[in-house]
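For reference, query_21.cif is printed below; it contains mmCIF, N, CA and C atoms.
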```
data_entry
loop_
_atom_site.group_PDB
_atom_site.id
_atom_site.type_symbol
_atom_site.label_atom_id
_atom_site.label_comp_id
_atom_site.auth_asym_id
_atom_site.auth_seq_id
_atom_site.Cartn_x
_atom_site.Cartn_y
_atom_site.Cartn_z
ATOM 1 N N MET A 1 -1.444 -8.740 2.050
ATOM 2 C CA MET A 1 -1.085 -9.892 2.841
ATOM 3 C C MET A 1 -0.728 -9.405 4.242
ATOM 4 N N GLY A 2 -1.167 -10.126 5.217
ATOM 5 C CA GLY A 2 -0.940 -9.752 6.605
ATOM 6 C C GLY A 2 0.536 -9.701 6.980
ATOM 7 N N GLY A 3 0.842 -8.941 8.019
ATOM 8 C CA GLY A 3 2.216 -8.780 8.469
ATOM 9 C C GLY A 3 2.719 -9.940 9.309
ATOM 10 N N LYS A 4 1.983 -10.292 10.351
ATOM 11 C CA LYS A 4 2.410 -11.369 11.246
ATOM 12 C C LYS A 4 1.925 -12.719 10.744
ATOM 13 N N ILE A 5 0.636 -12.797 10.448
ATOM 14 C CA ILE A 5 0.063 -14.028 9.894
ATOM 15 C C ILE A 5 -0.044 -13.803 8.392
ATOM 16 N N LYS A 6 0.708 -14.560 7.630
ATOM 17 C CA LYS A 6 0.804 -14.350 6.187
ATOM 18 C C LYS A 6 -0.389 -14.909 5.421
ATOM 19 N N SER A 7 -1.548 -14.304 5.643
ATOM 20 C CA SER A 7 -2.744 -14.706 4.907
ATOM 21 C C SER A 7 -3.303 -13.464 4.208
ATOM 22 N N TRP A 8 -4.086 -13.693 3.171
ATOM 23 C CA TRP A 8 -4.641 -12.589 2.387
ATOM 24 C C TRP A 8 -6.002 -12.179 2.929
ATOM 25 N N LYS A 9 -6.159 -10.875 3.175
ATOM 26 C CA LYS A 9 -7.430 -10.325 3.667
ATOM 27 C C LYS A 9 -7.714 -9.026 2.931
ATOM 28 N N LYS A 10 -9.001 -8.741 2.718
ATOM 29 C CA LYS A 10 -9.369 -7.471 2.098
ATOM 30 C C LYS A 10 -9.173 -6.351 3.107
ATOM 31 N N ARG A 11 -8.678 -5.226 2.619
ATOM 32 C CA ARG A 11 -8.493 -4.031 3.441
ATOM 33 C C ARG A 11 -8.972 -2.812 2.661
ATOM 34 N N TRP A 12 -9.404 -1.801 3.394
ATOM 35 C CA TRP A 12 -9.879 -0.549 2.823
ATOM 36 C C TRP A 12 -8.793 0.494 3.081
ATOM 37 N N PHE A 13 -8.238 1.071 2.021
ATOM 38 C CA PHE A 13 -7.137 2.036 2.152
ATOM 39 C C PHE A 13 -7.617 3.460 1.983
ATOM 40 N N VAL A 14 -7.045 4.353 2.786
ATOM 41 C CA VAL A 14 -7.368 5.777 2.717
ATOM 42 C C VAL A 14 -6.060 6.543 2.559
ATOM 43 N N PHE A 15 -5.982 7.278 1.461
ATOM 44 C CA PHE A 15 -4.805 8.077 1.143
ATOM 45 C C PHE A 15 -5.067 9.500 1.637
ATOM 46 N N ASP A 16 -4.237 10.006 2.536
ATOM 47 C CA ASP A 16 -4.441 11.341 3.106
ATOM 48 C C ASP A 16 -3.226 12.221 2.808
ATOM 49 N N ARG A 17 -3.376 13.062 1.795
ATOM 50 C CA ARG A 17 -2.271 13.933 1.374
ATOM 51 C C ARG A 17 -1.918 14.958 2.448
ATOM 52 N N MET A 18 -2.904 15.447 3.186
ATOM 53 C CA MET A 18 -2.642 16.462 4.215
ATOM 54 C C MET A 18 -1.832 15.870 5.379
ATOM 55 N N ARG A 19 -2.205 14.684 5.818
ATOM 56 C CA ARG A 19 -1.477 14.041 6.926
ATOM 57 C C ARG A 19 -0.251 13.273 6.429
ATOM 58 N N ARG A 20 -0.155 13.147 5.098
ATOM 59 C CA ARG A 20 0.927 12.408 4.448
ATOM 60 C C ARG A 20 0.982 10.959 4.944
ATOM 61 N N THR A 21 -0.206 10.334 4.930
ATOM 62 C CA THR A 21 -0.322 8.945 5.378
ATOM 63 C C THR A 21 -1.180 8.130 4.420
ATOM 64 N N PHE A 22 -1.023 6.841 4.536
ATOM 65 C CA PHE A 22 -1.763 5.850 3.777
ATOM 66 C C PHE A 22 -2.258 4.860 4.832
ATOM 67 N N SER A 23 -3.516 5.026 5.282
ATOM 68 C CA SER A 23 -4.066 4.217 6.378
ATOM 69 C C SER A 23 -4.887 3.064 5.819
ATOM 70 N N TYR A 24 -4.963 1.990 6.577
ATOM 71 C CA TYR A 24 -5.807 0.885 6.125
ATOM 72 C C TYR A 24 -6.669 0.344 7.262
ATOM 73 N N TYR A 25 -7.880 -0.051 6.844
ATOM 74 C CA TYR A 25 -8.935 -0.461 7.763
ATOM 75 C C TYR A 25 -9.476 -1.841 7.388
ATOM 76 N N VAL A 26 -10.237 -2.424 8.307
ATOM 77 C CA VAL A 26 -10.863 -3.723 8.081
ATOM 78 C C VAL A 26 -11.920 -3.623 6.977
ATOM 79 N N ASP A 27 -12.680 -2.515 6.959
ATOM 80 C CA ASP A 27 -13.735 -2.365 5.967
ATOM 81 C C ASP A 27 -13.897 -0.909 5.545
ATOM 82 N N LYS A 28 -14.785 -0.686 4.573
ATOM 83 C CA LYS A 28 -14.954 0.661 4.035
ATOM 84 C C LYS A 28 -15.640 1.629 4.996
ATOM 85 N N HIS A 29 -16.161 1.117 6.109
ATOM 86 C CA HIS A 29 -16.778 2.002 7.099
ATOM 87 C C HIS A 29 -15.722 2.656 7.986
ATOM 88 N N GLU A 30 -14.465 2.225 7.802
ATOM 89 C CA GLU A 30 -13.326 2.782 8.532
ATOM 90 C C GLU A 30 -13.532 2.714 10.042
ATOM 91 N N SER A 31 -14.141 1.619 10.486
ATOM 92 C CA SER A 31 -14.443 1.470 11.910
ATOM 93 C C SER A 31 -13.249 0.964 12.720
ATOM 94 N N LYS A 32 -12.375 0.170 12.102
ATOM 95 C CA LYS A 32 -11.231 -0.364 12.846
ATOM 96 C C LYS A 32 -9.938 -0.157 12.064
ATOM 97 N N LEU A 33 -9.112 0.755 12.545
ATOM 98 C CA LEU A 33 -7.828 1.041 11.920
ATOM 99 C C LEU A 33 -6.888 -0.141 12.128
ATOM 100 N N LYS A 34 -6.313 -0.648 11.038
ATOM 101 C CA LYS A 34 -5.383 -1.773 11.127
ATOM 102 C C LYS A 34 -3.929 -1.305 11.086
ATOM 103 N N GLY A 35 -3.678 -0.183 10.413
ATOM 104 C CA GLY A 35 -2.308 0.301 10.334
ATOM 105 C C GLY A 35 -2.195 1.582 9.533
ATOM 106 N N VAL A 36 -1.008 2.184 9.616
ATOM 107 C CA VAL A 36 -0.732 3.430 8.912
ATOM 108 C C VAL A 36 0.643 3.320 8.266
ATOM 109 N N ILE A 37 0.725 3.739 7.011
ATOM 110 C CA ILE A 37 2.006 3.819 6.314
ATOM 111 C C ILE A 37 2.274 5.307 6.114
ATOM 112 N N TYR A 38 3.382 5.788 6.655
ATOM 113 C CA TYR A 38 3.748 7.191 6.499
ATOM 114 C C TYR A 38 4.524 7.380 5.208
ATOM 115 N N PHE A 39 4.220 8.454 4.483
ATOM 116 C CA PHE A 39 4.883 8.704 3.211
ATOM 117 C C PHE A 39 6.404 8.667 3.353
ATOM 118 N N GLN A 40 6.930 9.254 4.444
ATOM 119 C CA GLN A 40 8.387 9.317 4.592
ATOM 120 C C GLN A 40 9.014 7.944 4.790
ATOM 121 N N ALA A 41 8.204 6.935 5.146
ATOM 122 C CA ALA A 41 8.724 5.577 5.356
ATOM 123 C C ALA A 41 8.771 4.769 4.059
ATOM 124 N N ILE A 42 8.070 5.240 3.010
ATOM 125 C CA ILE A 42 8.013 4.493 1.754
ATOM 126 C C ILE A 42 9.331 4.646 0.995
ATOM 127 N N GLU A 43 9.951 3.501 0.724
ATOM 128 C CA GLU A 43 11.214 3.488 -0.012
ATOM 129 C C GLU A 43 11.004 3.163 -1.487
ATOM 130 N N GLU A 44 10.020 2.304 -1.763
ATOM 131 C CA GLU A 44 9.845 1.826 -3.126
ATOM 132 C C GLU A 44 8.444 1.258 -3.316
ATOM 133 N N VAL A 45 7.916 1.410 -4.528
ATOM 134 C CA VAL A 45 6.632 0.811 -4.902
ATOM 135 C C VAL A 45 6.886 0.118 -6.236
ATOM 136 N N TYR A 46 6.606 -1.187 -6.308
ATOM 137 C CA TYR A 46 6.930 -1.914 -7.533
ATOM 138 C C TYR A 46 6.012 -3.109 -7.758
ATOM 139 N N TYR A 47 5.910 -3.482 -9.012
ATOM 140 C CA TYR A 47 5.144 -4.654 -9.436
ATOM 141 C C TYR A 47 5.882 -5.905 -8.955
ATOM 142 N N ASP A 48 5.153 -6.867 -8.438
ATOM 143 C CA ASP A 48 5.755 -8.099 -7.911
ATOM 144 C C ASP A 48 6.120 -9.049 -9.056
ATOM 145 N N HIS A 49 7.079 -8.649 -9.882
ATOM 146 C CA HIS A 49 7.454 -9.427 -11.060
ATOM 147 C C HIS A 49 8.111 -10.766 -10.717
ATOM 148 N N LEU A 50 8.675 -10.908 -9.513
ATOM 149 C CA LEU A 50 9.288 -12.171 -9.108
ATOM 150 C C LEU A 50 8.277 -13.150 -8.525
ATOM 151 N N ARG A 51 7.021 -12.681 -8.394
ATOM 152 C CA ARG A 51 5.958 -13.493 -7.812
ATOM 153 C C ARG A 51 6.333 -13.976 -6.413
ATOM 154 N N SER A 52 6.916 -13.076 -5.638
ATOM 155 C CA SER A 52 7.364 -13.433 -4.290
ATOM 156 C C SER A 52 6.237 -13.434 -3.261
ATOM 157 N N ALA A 53 5.092 -12.884 -3.624
ATOM 158 C CA ALA A 53 3.941 -12.877 -2.713
ATOM 159 C C ALA A 53 3.354 -14.288 -2.665
ATOM 160 N N THR A 54 3.528 -14.937 -1.559
ATOM 161 C CA THR A 54 3.081 -16.315 -1.413
ATOM 162 C C THR A 54 1.574 -16.452 -1.577
ATOM 163 N N LYS A 55 1.186 -17.333 -2.463
ATOM 164 C CA LYS A 55 -0.233 -17.665 -2.680
ATOM 165 C C LYS A 55 -1.115 -16.437 -2.926
ATOM 166 N N SER A 56 -0.605 -15.489 -3.701
ATOM 167 C CA SER A 56 -1.410 -14.319 -4.035
ATOM 168 C C SER A 56 -2.675 -14.762 -4.759
ATOM 169 N N PRO A 57 -3.819 -14.154 -4.421
ATOM 170 C CA PRO A 57 -5.058 -14.528 -5.110
ATOM 171 C C PRO A 57 -5.017 -14.162 -6.601
ATOM 172 N N ASN A 58 -4.146 -13.212 -6.967
ATOM 173 C CA ASN A 58 -3.991 -12.848 -8.372
ATOM 174 C C ASN A 58 -2.571 -12.294 -8.591
ATOM 175 N N PRO A 59 -1.610 -13.170 -8.869
ATOM 176 C CA PRO A 59 -0.211 -12.739 -9.011
ATOM 177 C C PRO A 59 0.001 -11.627 -10.037
ATOM 178 N N ALA A 60 -0.775 -11.623 -11.115
ATOM 179 C CA ALA A 60 -0.606 -10.604 -12.154
ATOM 180 C C ALA A 60 -0.996 -9.211 -11.676
ATOM 181 N N LEU A 61 -1.775 -9.125 -10.590
ATOM 182 C CA LEU A 61 -2.239 -7.827 -10.081
ATOM 183 C C LEU A 61 -1.634 -7.509 -8.713
ATOM 184 N N THR A 62 -0.543 -8.179 -8.373
ATOM 185 C CA THR A 62 0.094 -7.997 -7.070
ATOM 186 C C THR A 62 1.248 -7.009 -7.187
ATOM 187 N N PHE A 63 1.286 -6.055 -6.254
ATOM 188 C CA PHE A 63 2.395 -5.101 -6.209
ATOM 189 C C PHE A 63 2.861 -4.927 -4.769
ATOM 190 N N CYS A 64 4.007 -4.316 -4.604
ATOM 191 C CA CYS A 64 4.641 -4.200 -3.295
ATOM 192 C C CYS A 64 4.887 -2.740 -2.925
ATOM 193 N N VAL A 65 4.725 -2.455 -1.642
ATOM 194 C CA VAL A 65 5.074 -1.154 -1.085
ATOM 195 C C VAL A 65 6.125 -1.444 -0.012
ATOM 196 N N LYS A 66 7.347 -1.023 -0.284
ATOM 197 C CA LYS A 66 8.450 -1.280 0.644
ATOM 198 C C LYS A 66 8.669 -0.057 1.525
ATOM 199 N N THR A 67 8.663 -0.287 2.854
ATOM 200 C CA THR A 67 8.945 0.788 3.810
ATOM 201 C C THR A 67 10.224 0.420 4.571
ATOM 202 N N HIS A 68 10.623 1.290 5.481
ATOM 203 C CA HIS A 68 11.827 1.053 6.274
ATOM 204 C C HIS A 68 11.769 -0.272 7.018
ATOM 205 N N ASP A 69 10.580 -0.623 7.520
ATOM 206 C CA ASP A 69 10.490 -1.796 8.394
ATOM 207 C C ASP A 69 9.587 -2.937 7.910
ATOM 208 N N ARG A 70 8.968 -2.793 6.736
ATOM 209 C CA ARG A 70 8.058 -3.850 6.283
ATOM 210 C C ARG A 70 7.868 -3.793 4.776
ATOM 211 N N LEU A 71 7.545 -4.947 4.216
ATOM 212 C CA LEU A 71 7.192 -5.044 2.810
ATOM 213 C C LEU A 71 5.708 -5.406 2.748
ATOM 214 N N TYR A 72 4.907 -4.524 2.167
ATOM 215 C CA TYR A 72 3.461 -4.733 2.045
ATOM 216 C C TYR A 72 3.166 -5.302 0.661
ATOM 217 N N TYR A 73 2.459 -6.421 0.609
ATOM 218 C CA TYR A 73 1.993 -6.988 -0.650
ATOM 219 C C TYR A 73 0.530 -6.630 -0.800
ATOM 220 N N MET A 74 0.162 -6.096 -1.969
ATOM 221 C CA MET A 74 -1.216 -5.680 -2.212
ATOM 222 C C MET A 74 -1.675 -6.215 -3.555
ATOM 223 N N VAL A 75 -2.975 -6.495 -3.644
ATOM 224 C CA VAL A 75 -3.564 -6.987 -4.888
ATOM 225 C C VAL A 75 -4.669 -6.018 -5.299
ATOM 226 N N ALA A 76 -4.587 -5.539 -6.525
ATOM 227 C CA ALA A 76 -5.594 -4.618 -7.062
ATOM 228 C C ALA A 76 -6.695 -5.409 -7.768
ATOM 229 N N PRO A 77 -7.880 -4.819 -7.918
ATOM 230 C CA PRO A 77 -8.981 -5.524 -8.587
ATOM 231 C C PRO A 77 -8.819 -5.611 -10.111
ATOM 232 N N SER A 78 -7.957 -4.753 -10.689
ATOM 233 C CA SER A 78 -7.739 -4.760 -12.144
ATOM 234 C C SER A 78 -6.357 -4.183 -12.431
ATOM 235 N N SER A 79 -5.877 -4.371 -13.658
ATOM 236 C CA SER A 79 -4.561 -3.835 -14.010
ATOM 237 C C SER A 79 -4.588 -2.305 -14.010
ATOM 238 N N GLU A 80 -5.707 -1.714 -14.430
ATOM 239 C CA GLU A 80 -5.827 -0.260 -14.416
ATOM 240 C C GLU A 80 -5.800 0.268 -12.977
ATOM 241 N N ALA A 81 -6.525 -0.396 -12.081
ATOM 242 C CA ALA A 81 -6.531 0.015 -10.673
ATOM 243 C C ALA A 81 -5.129 -0.116 -10.081
ATOM 244 N N MET A 82 -4.417 -1.181 -10.430
ATOM 245 C CA MET A 82 -3.063 -1.365 -9.915
ATOM 246 C C MET A 82 -2.162 -0.214 -10.355
ATOM 247 N N ARG A 83 -2.235 0.147 -11.624
ATOM 248 C CA ARG A 83 -1.421 1.255 -12.143
ATOM 249 C C ARG A 83 -1.748 2.560 -11.417
ATOM 250 N N ILE A 84 -3.031 2.826 -11.223
ATOM 251 C CA ILE A 84 -3.461 4.056 -10.544
ATOM 252 C C ILE A 84 -2.986 4.053 -9.092
ATOM 253 N N TRP A 85 -3.212 2.942 -8.379
ATOM 254 C CA TRP A 85 -2.801 2.863 -6.971
ATOM 255 C C TRP A 85 -1.300 3.074 -6.839
ATOM 256 N N MET A 86 -0.527 2.406 -7.700
ATOM 257 C CA MET A 86 0.930 2.540 -7.628
ATOM 258 C C MET A 86 1.351 3.987 -7.900
ATOM 259 N N ASP A 87 0.749 4.606 -8.916
ATOM 260 C CA ASP A 87 1.067 6.005 -9.241
ATOM 261 C C ASP A 87 0.748 6.941 -8.082
ATOM 262 N N VAL A 88 -0.412 6.748 -7.464
ATOM 263 C CA VAL A 88 -0.836 7.604 -6.352
ATOM 264 C C VAL A 88 0.110 7.452 -5.155
ATOM 265 N N ILE A 89 0.485 6.218 -4.841
ATOM 266 C CA ILE A 89 1.380 5.988 -3.699
ATOM 267 C C ILE A 89 2.754 6.589 -3.975
ATOM 268 N N VAL A 90 3.288 6.366 -5.170
ATOM 269 C CA VAL A 90 4.591 6.929 -5.532
ATOM 270 C C VAL A 90 4.533 8.449 -5.517
ATOM 271 N N THR A 91 3.481 9.027 -6.088
ATOM 272 C CA THR A 91 3.324 10.481 -6.115
ATOM 273 C C THR A 91 3.258 11.050 -4.706
ATOM 274 N N GLY A 92 2.541 10.379 -3.817
ATOM 275 C CA GLY A 92 2.447 10.832 -2.430
ATOM 276 C C GLY A 92 3.797 10.793 -1.760
ATOM 277 N N ALA A 93 4.532 9.710 -1.932
ATOM 278 C CA ALA A 93 5.852 9.577 -1.318
ATOM 279 C C ALA A 93 6.824 10.588 -1.898
ATOM 280 N N GLU A 94 6.794 10.780 -3.225
ATOM 281 C CA GLU A 94 7.680 11.768 -3.844
ATOM 282 C C GLU A 94 7.284 13.172 -3.437
ATOM 283 N N GLY A 95 5.980 13.417 -3.339
ATOM 284 C CA GLY A 95 5.502 14.734 -2.921
ATOM 285 C C GLY A 95 6.015 15.074 -1.536
ATOM 286 N N TYR A 96 6.068 14.073 -0.673
ATOM 287 C CA TYR A 96 6.613 14.270 0.676
ATOM 288 C C TYR A 96 8.079 14.674 0.578
ATOM 289 N N THR A 97 8.838 13.978 -0.259
ATOM 290 C CA THR A 97 10.259 14.272 -0.408
ATOM 291 C C THR A 97 10.462 15.684 -0.945
ATOM 292 N N GLN A 98 9.668 16.071 -1.946
ATOM 293 C CA GLN A 98 9.784 17.419 -2.506
ATOM 294 C C GLN A 98 9.416 18.472 -1.479
ATOM 295 N N PHE A 99 8.435 18.154 -0.636
ATOM 296 C CA PHE A 99 7.999 19.079 0.396
ATOM 297 C C PHE A 99 9.124 19.352 1.393
ATOM 298 N N MET A 100 9.950 18.317 1.630
ATOM 299 C CA MET A 100 11.020 18.429 2.618
ATOM 300 C C MET A 100 12.217 19.229 2.103
ATOM 301 N N THR A 101 12.357 19.356 0.767
ATOM 302 C CA THR A 101 13.530 20.060 0.235
ATOM 303 C C THR A 101 13.273 21.520 -0.006
#
```

Spit out the file's structure as structure tokens when you get a sec.
Amino acid sequence: MGGKIKSWKKRWFVFDRMRRTFSYYVDKHESKLKGVIYFQAIEEVYYDHLRSATKSPNPALTFCVKTHDRLYYMVAPSSEAMRIWMDVIVTGAEGYTQFMT
């Protein structure tokens, strides 16, 4: 779901362990960068069990990535994909924390 205009749009995400970032683009050609989430900014990743994502196209597959300054709502194409995406994001954020200690 968009940050300023709260509408749902497809985005292409790129997880970069070396740069410790989670970038997102308009499409899979990665031609237009829309934003970057830094691992150190991620506070929490959780299933949207309260259904707080307004008008989610699929509430059962909606999860949240909470950072210092924003709450990102994301919808996965399947329950398996959602589990994998959440695990990868959490692992990346935790890996960053372990790297710092």

Legend entry - Evaluate the PyMOL selection byres (((chain A and resi 88-92 and name CA) around 12) and name CA) and report residues as a ChimeraX atom specification: /A:13-23,37-46,63-67,81-87,93-99

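Reported to one decimal place, the separation of atom CA of A:Gly3 from atom CA of A:Val75 is 14.7 Å.
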
Can you turn the PyMOL selection byres ((chain A and resi 49) around 8) into a concrete residue list for this file, as an mmCIF file with N, CA and C atoms, keeping the file's coordinate frame?
```cif
data_model
loop_
_atom_site.group_PDB
_atom_site.id
_atom_site.type_symbol
_atom_site.label_atom_id
_atom_site.label_comp_id
_atom_site.auth_asym_id
_atom_site.auth_seq_id
_atom_site.Cartn_x
_atom_site.Cartn_y
_atom_site.Cartn_z
ATOM 1 N N TYR A 46 6.606 -1.187 -6.308
ATOM 2 C CA TYR A 46 6.930 -1.914 -7.533
ATOM 3 C C TYR A 46 6.012 -3.109 -7.758
ATOM 4 N N TYR A 47 5.910 -3.482 -9.012
ATOM 5 C CA TYR A 47 5.144 -4.654 -9.436
ATOM 6 C C TYR A 47 5.882 -5.905 -8.955
ATOM 7 N N ASP A 48 5.153 -6.867 -8.438
ATOM 8 C CA ASP A 48 5.755 -8.099 -7.911
ATOM 9 C C ASP A 48 6.120 -9.049 -9.056
ATOM 10 N N LEU A 50 8.675 -10.908 -9.513
ATOM 11 C CA LEU A 50 9.288 -12.171 -9.108
ATOM 12 C C LEU A 50 8.277 -13.150 -8.525
ATOM 13 N N ARG A 51 7.021 -12.681 -8.394
ATOM 14 C CA ARG A 51 5.958 -13.493 -7.812
ATOM 15 C C ARG A 51 6.333 -13.976 -6.413
ATOM 16 N N SER A 52 6.916 -13.076 -5.638
ATOM 17 C CA SER A 52 7.364 -13.433 -4.290
ATOM 18 C C SER A 52 6.237 -13.434 -3.261
ATOM 19 N N ALA A 53 5.092 -12.884 -3.624
ATOM 20 C CA ALA A 53 3.941 -12.877 -2.713
ATOM 21 C C ALA A 53 3.354 -14.288 -2.665
ATOM 22 N N PRO A 59 -1.610 -13.170 -8.869
ATOM 23 C CA PRO A 59 -0.211 -12.739 -9.011
ATOM 24 C C PRO A 59 0.001 -11.627 -10.037
ATOM 25 N N THR A 62 -0.543 -8.179 -8.373
ATOM 26 C CA THR A 62 0.094 -7.997 -7.070
ATOM 27 C C THR A 62 1.248 -7.009 -7.187
ATOM 28 N N PHE A 63 1.286 -6.055 -6.254
ATOM 29 C CA PHE A 63 2.395 -5.101 -6.209
ATOM 30 C C PHE A 63 2.861 -4.927 -4.769
ATOM 31 N N CYS A 64 4.007 -4.316 -4.604
ATOM 32 C CA CYS A 64 4.641 -4.200 -3.295
ATOM 33 C C CYS A 64 4.887 -2.740 -2.925
#
```

Inset, instruction - Quick one: pull the distance between atom N of A:Leu33 and atom CA of A:Lys9, Å, one decimal. - result: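 Between atom N of A:Leu33 and atom CA of A:Lys9 the gap works out to 14.3 Å.
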
Inset, instruction - Find the residues with any atom within 6 Å of (-13.0, 0.2, 3.6); use all atoms listed in the file and the coordinates as given in the file, and write the answer as a PyMOL selection string. - result: chain A and resi 11-13+25-30

Inset, instruction - Could you please determine the separation between atom CA of A:Ser78 and atom CA of A:Pro57 in Å, to one decimal place? - result: 12.3 Å

Legend entry - Proximity to A:Lys55 - best of A:Arg70, A:Glu80, A:Gly2, A:Trp8, only C-alpha atoms: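 The shortest atom-to-atom distance to A:Lys55 comes from A:Trp8.
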
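Note that DSSP on the backbone gives helix (DSSP H, G or I) to these residues of stretch 43-94 of chain A: Pro59, Ala60, Leu61, Ser79, Glu80, Ala81, Met82, Arg83, Ile84, Trp85, Met86, Asp87, Val88, Ile89, Val90, Thr91, Gly92, Ala93 and Glu94 of chain A.
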
Inset, instruction - Please run DSSP on the backbone and report, as a ChimeraX atom specification, all residues within stretch 3-97 of chain A that come out as strand (DSSP E or B). - result: /A:12-16,21-25,33-38,42-47,62-67,71-75

Dump of N, CA and C atoms for the selected residues, as a compact mmCIF listing (two decimals), keeping the file's coordinate frame:
```
# COMPACT_ATOMS: atom_id res chain seq x y z
N TRP A 12 -9.40 -1.80 3.39
CA TRP A 12 -9.88 -0.55 2.82
C TRP A 12 -8.79 0.49 3.08
N PHE A 13 -8.24 1.07 2.02
CA PHE A 13 -7.14 2.04 2.15
C PHE A 13 -7.62 3.46 1.98
N VAL A 14 -7.04 4.35 2.79
CA VAL A 14 -7.37 5.78 2.72
C VAL A 14 -6.06 6.54 2.56
N PHE A 15 -5.98 7.28 1.46
CA PHE A 15 -4.80 8.08 1.14
C PHE A 15 -5.07 9.50 1.64
N ASP A 16 -4.24 10.01 2.54
CA ASP A 16 -4.44 11.34 3.11
C ASP A 16 -3.23 12.22 2.81
N THR A 21 -0.21 10.33 4.93
CA THR A 21 -0.32 8.94 5.38
C THR A 21 -1.18 8.13 4.42
N PHE A 22 -1.02 6.84 4.54
CA PHE A 22 -1.76 5.85 3.78
C PHE A 22 -2.26 4.86 4.83
N SER A 23 -3.52 5.03 5.28
CA SER A 23 -4.07 4.22 6.38
C SER A 23 -4.89 3.06 5.82
N TYR A 24 -4.96 1.99 6.58
CA TYR A 24 -5.81 0.88 6.12
C TYR A 24 -6.67 0.34 7.26
N TYR A 25 -7.88 -0.05 6.84
CA TYR A 25 -8.94 -0.46 7.76
C TYR A 25 -9.48 -1.84 7.39
N LEU A 33 -9.11 0.76 12.54
CA LEU A 33 -7.83 1.04 11.92
C LEU A 33 -6.89 -0.14 12.13
N LYS A 34 -6.31 -0.65 11.04
CA LYS A 34 -5.38 -1.77 11.13
C LYS A 34 -3.93 -1.30 11.09
N GLY A 35 -3.68 -0.18 10.41
CA GLY A 35 -2.31 0.30 10.33
C GLY A 35 -2.19 1.58 9.53
N VAL A 36 -1.01 2.18 9.62
CA VAL A 36 -0.73 3.43 8.91
C VAL A 36 0.64 3.32 8.27
N ILE A 37 0.72 3.74 7.01
CA ILE A 37 2.01 3.82 6.31
C ILE A 37 2.27 5.31 6.11
N TYR A 38 3.38 5.79 6.66
CA TYR A 38 3.75 7.19 6.50
C TYR A 38 4.52 7.38 5.21
N ILE A 42 8.07 5.24 3.01
CA ILE A 42 8.01 4.49 1.75
C ILE A 42 9.33 4.65 1.00
N GLU A 43 9.95 3.50 0.72
CA GLU A 43 11.21 3.49 -0.01
C GLU A 43 11.00 3.16 -1.49
N GLU A 44 10.02 2.30 -1.76
CA GLU A 44 9.85 1.83 -3.13
C GLU A 44 8.44 1.26 -3.32
N VAL A 45 7.92 1.41 -4.53
CA VAL A 45 6.63 0.81 -4.90
C VAL A 45 6.89 0.12 -6.24
N TYR A 46 6.61 -1.19 -6.31
CA TYR A 46 6.93 -1.91 -7.53
C TYR A 46 6.01 -3.11 -7.76
N TYR A 47 5.91 -3.48 -9.01
CA TYR A 47 5.14 -4.65 -9.44
C TYR A 47 5.88 -5.90 -8.96
N THR A 62 -0.54 -8.18 -8.37
CA THR A 62 0.09 -8.00 -7.07
C THR A 62 1.25 -7.01 -7.19
N PHE A 63 1.29 -6.06 -6.25
CA PHE A 63 2.40 -5.10 -6.21
C PHE A 63 2.86 -4.93 -4.77
N CYS A 64 4.01 -4.32 -4.60
CA CYS A 64 4.64 -4.20 -3.30
C CYS A 64 4.89 -2.74 -2.92
N VAL A 65 4.72 -2.46 -1.64
CA VAL A 65 5.07 -1.15 -1.08
C VAL A 65 6.12 -1.44 -0.01
N LYS A 66 7.35 -1.02 -0.28
CA LYS A 66 8.45 -1.28 0.64
C LYS A 66 8.67 -0.06 1.52
N THR A 67 8.66 -0.29 2.85
CA THR A 67 8.94 0.79 3.81
C THR A 67 10.22 0.42 4.57
N LEU A 71 7.54 -4.95 4.22
CA LEU A 71 7.19 -5.04 2.81
C LEU A 71 5.71 -5.41 2.75
N TYR A 72 4.91 -4.52 2.17
CA TYR A 72 3.46 -4.73 2.04
C TYR A 72 3.17 -5.30 0.66
N TYR A 73 2.46 -6.42 0.61
CA TYR A 73 1.99 -6.99 -0.65
C TYR A 73 0.53 -6.63 -0.80
N MET A 74 0.16 -6.10 -1.97
CA MET A 74 -1.22 -5.68 -2.21
C MET A 74 -1.68 -6.22 -3.56
N VAL A 75 -2.98 -6.50 -3.64
CA VAL A 75 -3.56 -6.99 -4.89
C VAL A 75 -4.67 -6.02 -5.30
```
